Each structure stands twice: as structure tokens, then as C-alpha cells.
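K.L.:
The structure under discussion is supplied below as C-alpha cells; questions concerning it will follow.
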Protein chains: 4
Amino acid sequence: MPAPTLDERYNAEIARGMIKLNNDATSGFSKYLGVTFDELLAGRLEATMRVPDDVITPFGTMHGGAMAGFVDHVMGCVLYPLMAKGQWAATTEFKLNYLAAIRGGELKATATVLSMTKRTAVVRCDVSDGDRLACVAQGTLLITDRGAN
Amino acid sequence: MPAPTLDERYNAEIARGMIKLNNDATSGFSKYLGVTFDELLAGRLEATMRVPDDVITPFGTMHGGAMAGFVDHVMGCVLYPLMAKGQWAATTEFKLNYLAAIRGGELKATATVLSMTKRTAVVRCDVSDGDRLACVAQGTLLITDRGAN
Amino acid sequence: MPAPTLDERYNAEIARGMIKLNNDATSGFSKYLGVTFDELLAGRLEATMRVPDDVITPFGTMHGGAMAGFVDHVMGCVLYPLMAKGQWAATTEFKLNYLAAIRGGELKATATVLSMTKRTAVVRCDVSDGDRLACVAQGTLLITDRGAN
Amino acid sequence: MPAPTLDERYNAEIARGMIKLNNDATSGFSKYLGVTFDELLAGRLEATMRVPDDVITPFGTMHGGAMAGFVDHVMGCVLYPLMAKGQWAATTEFKLNYLAAIRGGELKATATVLSMTKRTAVVRCDVSDGDRLACVAQGTLLITDRGAN
């Protein structure tokens, strides 16, 4: 039996719930970073970060760690509508390259699931600042059954 | 002529200034994350993160992106006392592995310069939660002369 | 003055020379791995690896290190037609995720330049085995003027 | 019940078998690269690479991909004496930074297990060329029960 496709795995209700959970938050790391989820499709999450003043360093550019936080957040959420009830996903590792200094404004991120098995998924994330690529990342998520180790 | 050692490059005054800049901040990403610099030696920065409630997710564990932000911040600052006047360093890439879920409390990070040339440095960063290793990272910093590209 | 585009930087003669250098080699690591360069455009290198028996492990699958070698080779060569005379590029770091076990046959790699400044370039590399993605990587190349450090 | 320590997991007989398997090979990728296993302890593998002429590029330095192959091989083998009968480990991702150009001679690698759960392990690998650090890497291995996915 072939593995189900991302489309077959996709649960639109969970996707809507995840968007709402992120966008309606009144506190937490995502809220601090100014992150909004725009669309959560089968294997793709589109998000926006409205760069808050608090992550601009004294040198006038966005703190790289805030970009890393944005990337981690978007990569970590793309898998939810693809998992079975009772499953859980956590980013276990990622790598990123910073491509451009950011001075503020709005960033757009796209996380894409490249590969998914029962236990792991590999995800890529591109962040752009207007028409410039600003950061690229790839990482691994581990899928766990709740209660299991 | 051999390259100067890290000890020969080290400027204690810049180190003290960097610690003060971080620890006295009343706003900014590092302050948000609860990061204090404890010691900035020749090629080694020790820092503490007092995990703020705002980065604990609804699942009760620390947001991975906050860990990534902590790592980026510590790696990016370790080089300052080692550079010539007018030089500037920026993290250009890094990779991290998360090793343990964090529920709060205090994390300790150590960033270590593994290699440094005129233009780049490779830095490793280990984060521990008590006696457990919680995150390991390695990355590259680019050194730029101010005004140069 | 804006930075030149990849198309403006591209030197077709150097590209042809690089393809010939790789494909005509009678020894060396690329030859051992069975790597052929198919096309070297402005910012994109397409290559094929005909998996040699010598990199199949006793478990019947290709040694991951041979995939890593293939990726490193392709990423390291994509920049040559884009550099000024007398410049030199070397991969300084990369990260890869293995997505599928390989049992032999032919692999196709595409290395793509995502970003290029005077001193560095960030490159992505995807390897596929038929219609399956088999490995994804991203890394950094440092550009050096010959004789400089 | 706490997880067993690396010492408790360690099976010296498997370690000896793994060293013999590598060192007695008359063909294969490890043999091509000139890799010998020197010691395989609980969570640490020491190996030597006698750089073969075939991986020296026309520029006189060792091909980075051969270093990547060495690193992948050493990281992928350190786990064997720590697994239960019937288990299997495969490197699923890694990242490396090249720190020095290599012109030949002997390289020494140490792979160290930083963390190990039932399903994954995080491993670090340092390669040195005499007293210089030449390459640093970290990656993840997935542990599978044979027959399982």
C-alpha cells in the first residue's frame, strides 16, 4: 500500500484551527514576533512577519535570532493538518542561511514539506523581503504519537 | 607571519562593553528572551537565559524558536572582543539540533570560537538545562570592515 | 550601481571548460563517483551520478557519504562561470537531509545559486532518483581573489 | 525507569565486529577514502583517513566531498555498539563546516554521541589535521527496528 499523499492526509479543519490559534493569540512568541498565518494548505504554510521595533538592533537591522524564531515557528506548524489524530510534531533540527539584512517592514515566509514518512518530515522554508530572498532554511520534524516517546 | 591567536586579539574593554550593552538593555530581543551575559573571554561567551513565560507554548514547553534566538544571539556576540577597530561581525548561517524539551527555569549557553580567519569565524554553541544538554549548534560569522561590502 | 545579475556575470566559455574538465577526467573523486555535468547555466548546474557498485554498502543501499560527496562537488562547481578572472570559490559549509535510500541507478542533481555577493554565495542542491527527491542541501561558498586570504 | 546510559548500552563485541568490518574491507567507499577505525568506545569512534591521491583536486587540495564522505561514514558507525539486537541506524541529516584546506597526509576524526533516545541520536564529529581543526560537523541518526519503517 503506497503512503498517503499530502492531499490525502490534509485536514482542512485542523488547518483552520491552527491559523486561528496563531492569529488570535494575544501573547506568546509568535505574537511578539508579529507573525500572521495567511494560508495553510496541504504541505505548505504561508506566513507574514510584521517586523516589530523590539527586534531591531542598535545597528538598525533586524536581529538574526528573530528571523530564526520566525523560521522555526513556520516550519514547526506546517505539519499539523497532515497528521493523524493524537499525533504531535516537533522540529528536531534546522539550518538557515541569512541572505539579506532586514531593516523592518513585512517579511513573507513559505514552509514547504519536501518529504514525509510516518515518523519524520523534512521541511524547507524561504523568507522574502519584497522581491529579495532574505533567508533560506531546511529542517526535520519528528512525529510522535501522544504518550509515546 | 602567523595569524594572531585569540588571546592576542582579545580586547577586554570591548568585552566589558558588550556585556554591559546586553545586560543593561531595557528593551530588545535579548531582553525579551531574558538573556544575561555572564563572561566574555577570548573566544568564549557564557550566557544565561531565564526562560520567560511568554515563550512557553500552550503545550507547556519552550518554543524552539526562542532557543534558536538565544543561540543566534550568543553566537553573534562572541566575536566582538576579537576584531579590529571598525570591524563588524554578523552570523551568516547556523544549524542547531534540539536535544531536550524545556519547561522553564534557566538555560546556560556557551559559545566557542573554533576557527577564525581575517574574514570568517566558525563558532559552536552548546546550551544546557541543568546537567542535560538541551541544544547544540554550529555556525559561521562573516567579518566585515565597516563601509565595505 | 546595482550588483550585476547572474546572467551578466555568466561566462559561457568558462562553463564549457568546467564541463569538459569534469567529464573528461580519467581519475579523481568525481570520476570515482560517476559524476557527469550535463549543463552549466547562469546560476544552475545540472549533473548526473551513475551510482558505482563500490559505493553500495553491504546492506544494499548507497553510502550516504557518496551522496554527500556528490552534493559537495556539484555545489562547489556551479559558481565558476560567475566569477571574475582570477577568483576562486570554495564550499565553506553545507547541510543536507537524506530523503530516500538509494539502491543504484542514476541520480540527478541540480545546484542553484540563491544569492551571490562579492565574497559569498548561497547555493541549494536537490538530488532526485527518478521522480523521488532523494537529498536536499544548502550551503555557502566563499569567493577569494587568488593570492588573497 | 531512566534511559540506559551509553555505557550500559555498549556491546564490545559489536564494536570489535564493526572495526573489523571496516578495517578488513577490500573494496567500498571507506576503503577508497583510506579510512581506518582506531577505537570504538561507548559513544565515541576514533578513525583515521589516510588521504588518497585520487581525492586531491587539480588545485592541490583535498576534495571537500571526500571530507564529507569521511564525516558521514564515521558519524554513521558510532551508534552500532549502542543499539539493541535487530536495530539499525542511518544518518538522516548532517551539517559541516570546513575549517582548513588539506593537502594530504593523515586526518583524525572523532565522532561523539551527544544525545540518544529510543528513536534518534545526535552526533558530533571533529576532524583534525595534526593540531589544526580541519572540519566540524553535527548530525542526526534515526534508529529503526529492522522490518519497521
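As shown in the C-alpha cells, the chain order sets the letters A, B, ...; within each chain, residues go from 1, and ligands are also counted from 1 in the order they appear.
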Write out as a count of residues only all residues of chain C that DSSP puts in helix (DSSP H, G or I) for this structure's backbone.
P.N.:
41
K.L.:
Env of Leu79 (chain C): 10 Å cut, atoms = only C-alpha atoms, seq-sep filter 6 positions within chain, self excluded. Answer as a list in words.
P.N.:
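Counting only C-alpha atoms, the residues come to Leu6, Tyr10, Ala15, Leu40, Leu41, Ala42, Gly43, Arg44, Leu45, Trp88, Ala89, Ala90, Ala111, Thr112, Val113, Met116, Ala121, Val122, Val123, Leu141 and Ile143 of chain C.
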K.L.:
Which residues of chain C come within 10 Å of chain D, and what is each one's closest atom pair and distance in Å (one decimal), counting only C-alpha atoms, sorted by chain and residue number, as JSON lines?
P.N.:
```
{"residue": "C:Ser27", "atom": "CA", "partner": "D:Asp54", "partner_atom": "CA", "distance": 6.6}
{"residue": "C:Gly28", "atom": "CA", "partner": "D:Asp54", "partner_atom": "CA", "distance": 4.6}
{"residue": "C:Phe29", "atom": "CA", "partner": "D:Val55", "partner_atom": "CA", "distance": 5.1}
{"residue": "C:Ser30", "atom": "CA", "partner": "D:Val55", "partner_atom": "CA", "distance": 8.6}
{"residue": "C:Lys31", "atom": "CA", "partner": "D:Asp54", "partner_atom": "CA", "distance": 9.4}
{"residue": "C:Tyr32", "atom": "CA", "partner": "D:Asp54", "partner_atom": "CA", "distance": 8.5}
{"residue": "C:Leu33", "atom": "CA", "partner": "D:Phe29", "partner_atom": "CA", "distance": 9.6}
{"residue": "C:Pro52", "atom": "CA", "partner": "D:Gly28", "partner_atom": "CA", "distance": 9.8}
{"residue": "C:Asp53", "atom": "CA", "partner": "D:Gly28", "partner_atom": "CA", "distance": 8.1}
{"residue": "C:Asp54", "atom": "CA", "partner": "D:Gly28", "partner_atom": "CA", "distance": 4.7}
{"residue": "C:Val55", "atom": "CA", "partner": "D:Phe29", "partner_atom": "CA", "distance": 5.1}
{"residue": "C:Ile56", "atom": "CA", "partner": "D:Gly28", "partner_atom": "CA", "distance": 7.2}
{"residue": "C:Thr57", "atom": "CA", "partner": "D:Gly28", "partner_atom": "CA", "distance": 7.1}
{"residue": "C:Pro58", "atom": "CA", "partner": "D:Gly28", "partner_atom": "CA", "distance": 9.0}
{"residue": "C:Met62", "atom": "CA", "partner": "D:Phe29", "partner_atom": "CA", "distance": 9.6}
{"residue": "C:His63", "atom": "CA", "partner": "D:Phe29", "partner_atom": "CA", "distance": 7.3}
{"residue": "C:Gly64", "atom": "CA", "partner": "D:Asp72", "partner_atom": "CA", "distance": 6.6}
{"residue": "C:Gly65", "atom": "CA", "partner": "D:Gly69", "partner_atom": "CA", "distance": 3.8}
{"residue": "C:Ala66", "atom": "CA", "partner": "D:Gly69", "partner_atom": "CA", "distance": 6.0}
{"residue": "C:Met67", "atom": "CA", "partner": "D:Gly69", "partner_atom": "CA", "distance": 8.1}
{"residue": "C:Ala68", "atom": "CA", "partner": "D:Ala68", "partner_atom": "CA", "distance": 6.0}
{"residue": "C:Gly69", "atom": "CA", "partner": "D:Gly65", "partner_atom": "CA", "distance": 3.8}
{"residue": "C:Phe70", "atom": "CA", "partner": "D:Gly65", "partner_atom": "CA", "distance": 6.9}
{"residue": "C:Val71", "atom": "CA", "partner": "D:Gly65", "partner_atom": "CA", "distance": 7.6}
{"residue": "C:Asp72", "atom": "CA", "partner": "D:Gly65", "partner_atom": "CA", "distance": 5.1}
{"residue": "C:His73", "atom": "CA", "partner": "D:Gly65", "partner_atom": "CA", "distance": 6.1}
{"residue": "C:Val74", "atom": "CA", "partner": "D:Gly65", "partner_atom": "CA", "distance": 9.6}
{"residue": "C:Gly76", "atom": "CA", "partner": "D:Gly64", "partner_atom": "CA", "distance": 8.7}
{"residue": "C:Ala90", "atom": "CA", "partner": "D:Gly64", "partner_atom": "CA", "distance": 8.6}
{"residue": "C:Thr91", "atom": "CA", "partner": "D:Gly64", "partner_atom": "CA", "distance": 7.5}
{"residue": "C:Thr92", "atom": "CA", "partner": "D:Tyr98", "partner_atom": "CA", "distance": 5.3}
{"residue": "C:Glu93", "atom": "CA", "partner": "D:Asn97", "partner_atom": "CA", "distance": 4.3}
{"residue": "C:Phe94", "atom": "CA", "partner": "D:Lys95", "partner_atom": "CA", "distance": 5.7}
{"residue": "C:Lys95", "atom": "CA", "partner": "D:Lys95", "partner_atom": "CA", "distance": 3.9}
{"residue": "C:Leu96", "atom": "CA", "partner": "D:Glu93", "partner_atom": "CA", "distance": 5.5}
{"residue": "C:Asn97", "atom": "CA", "partner": "D:Glu93", "partner_atom": "CA", "distance": 4.3}
{"residue": "C:Tyr98", "atom": "CA", "partner": "D:Thr92", "partner_atom": "CA", "distance": 5.3}
{"residue": "C:Leu99", "atom": "CA", "partner": "D:Thr92", "partner_atom": "CA", "distance": 7.5}
{"residue": "C:Ala100", "atom": "CA", "partner": "D:Thr92", "partner_atom": "CA", "distance": 9.3}
{"residue": "C:Ala101", "atom": "CA", "partner": "D:Ala90", "partner_atom": "CA", "distance": 9.8}
{"residue": "C:Cys135", "atom": "CA", "partner": "D:Glu93", "partner_atom": "CA", "distance": 9.4}
{"residue": "C:Val136", "atom": "CA", "partner": "D:Glu93", "partner_atom": "CA", "distance": 9.5}
{"residue": "C:Ala137", "atom": "CA", "partner": "D:Lys95", "partner_atom": "CA", "distance": 9.2}
{"residue": "C:Gln138", "atom": "CA", "partner": "D:Lys95", "partner_atom": "CA", "distance": 9.4}
{"residue": "C:Gly139", "atom": "CA", "partner": "D:Lys95", "partner_atom": "CA", "distance": 9.0}
{"residue": "C:Thr140", "atom": "CA", "partner": "D:Asn97", "partner_atom": "CA", "distance": 9.5}
```
K.L.:
Within 12 Å of Lys20 (chain A), counting only C-alpha atoms, which residues qualify if same-chain residues fewer than 6 places away don't, as JSON, numbers by chain?
P.N.:
{"A": [13, 14, 26, 36, 37, 38, 39, 40]}
K.L.:
So how many Å separate CA of Leu82 (chain D) and CA of Ile102 (chain C), to one decimal?
P.N.:
25.3 Å
K.L.:
Would you work out the distance separating CA of Asp129 (chain D) from CA of Thr144 (chain C), expressed in Å to one decimal?
P.N.:
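CA of Asp129 (chain D) sits 22.6 Å away from CA of Thr144 (chain C).
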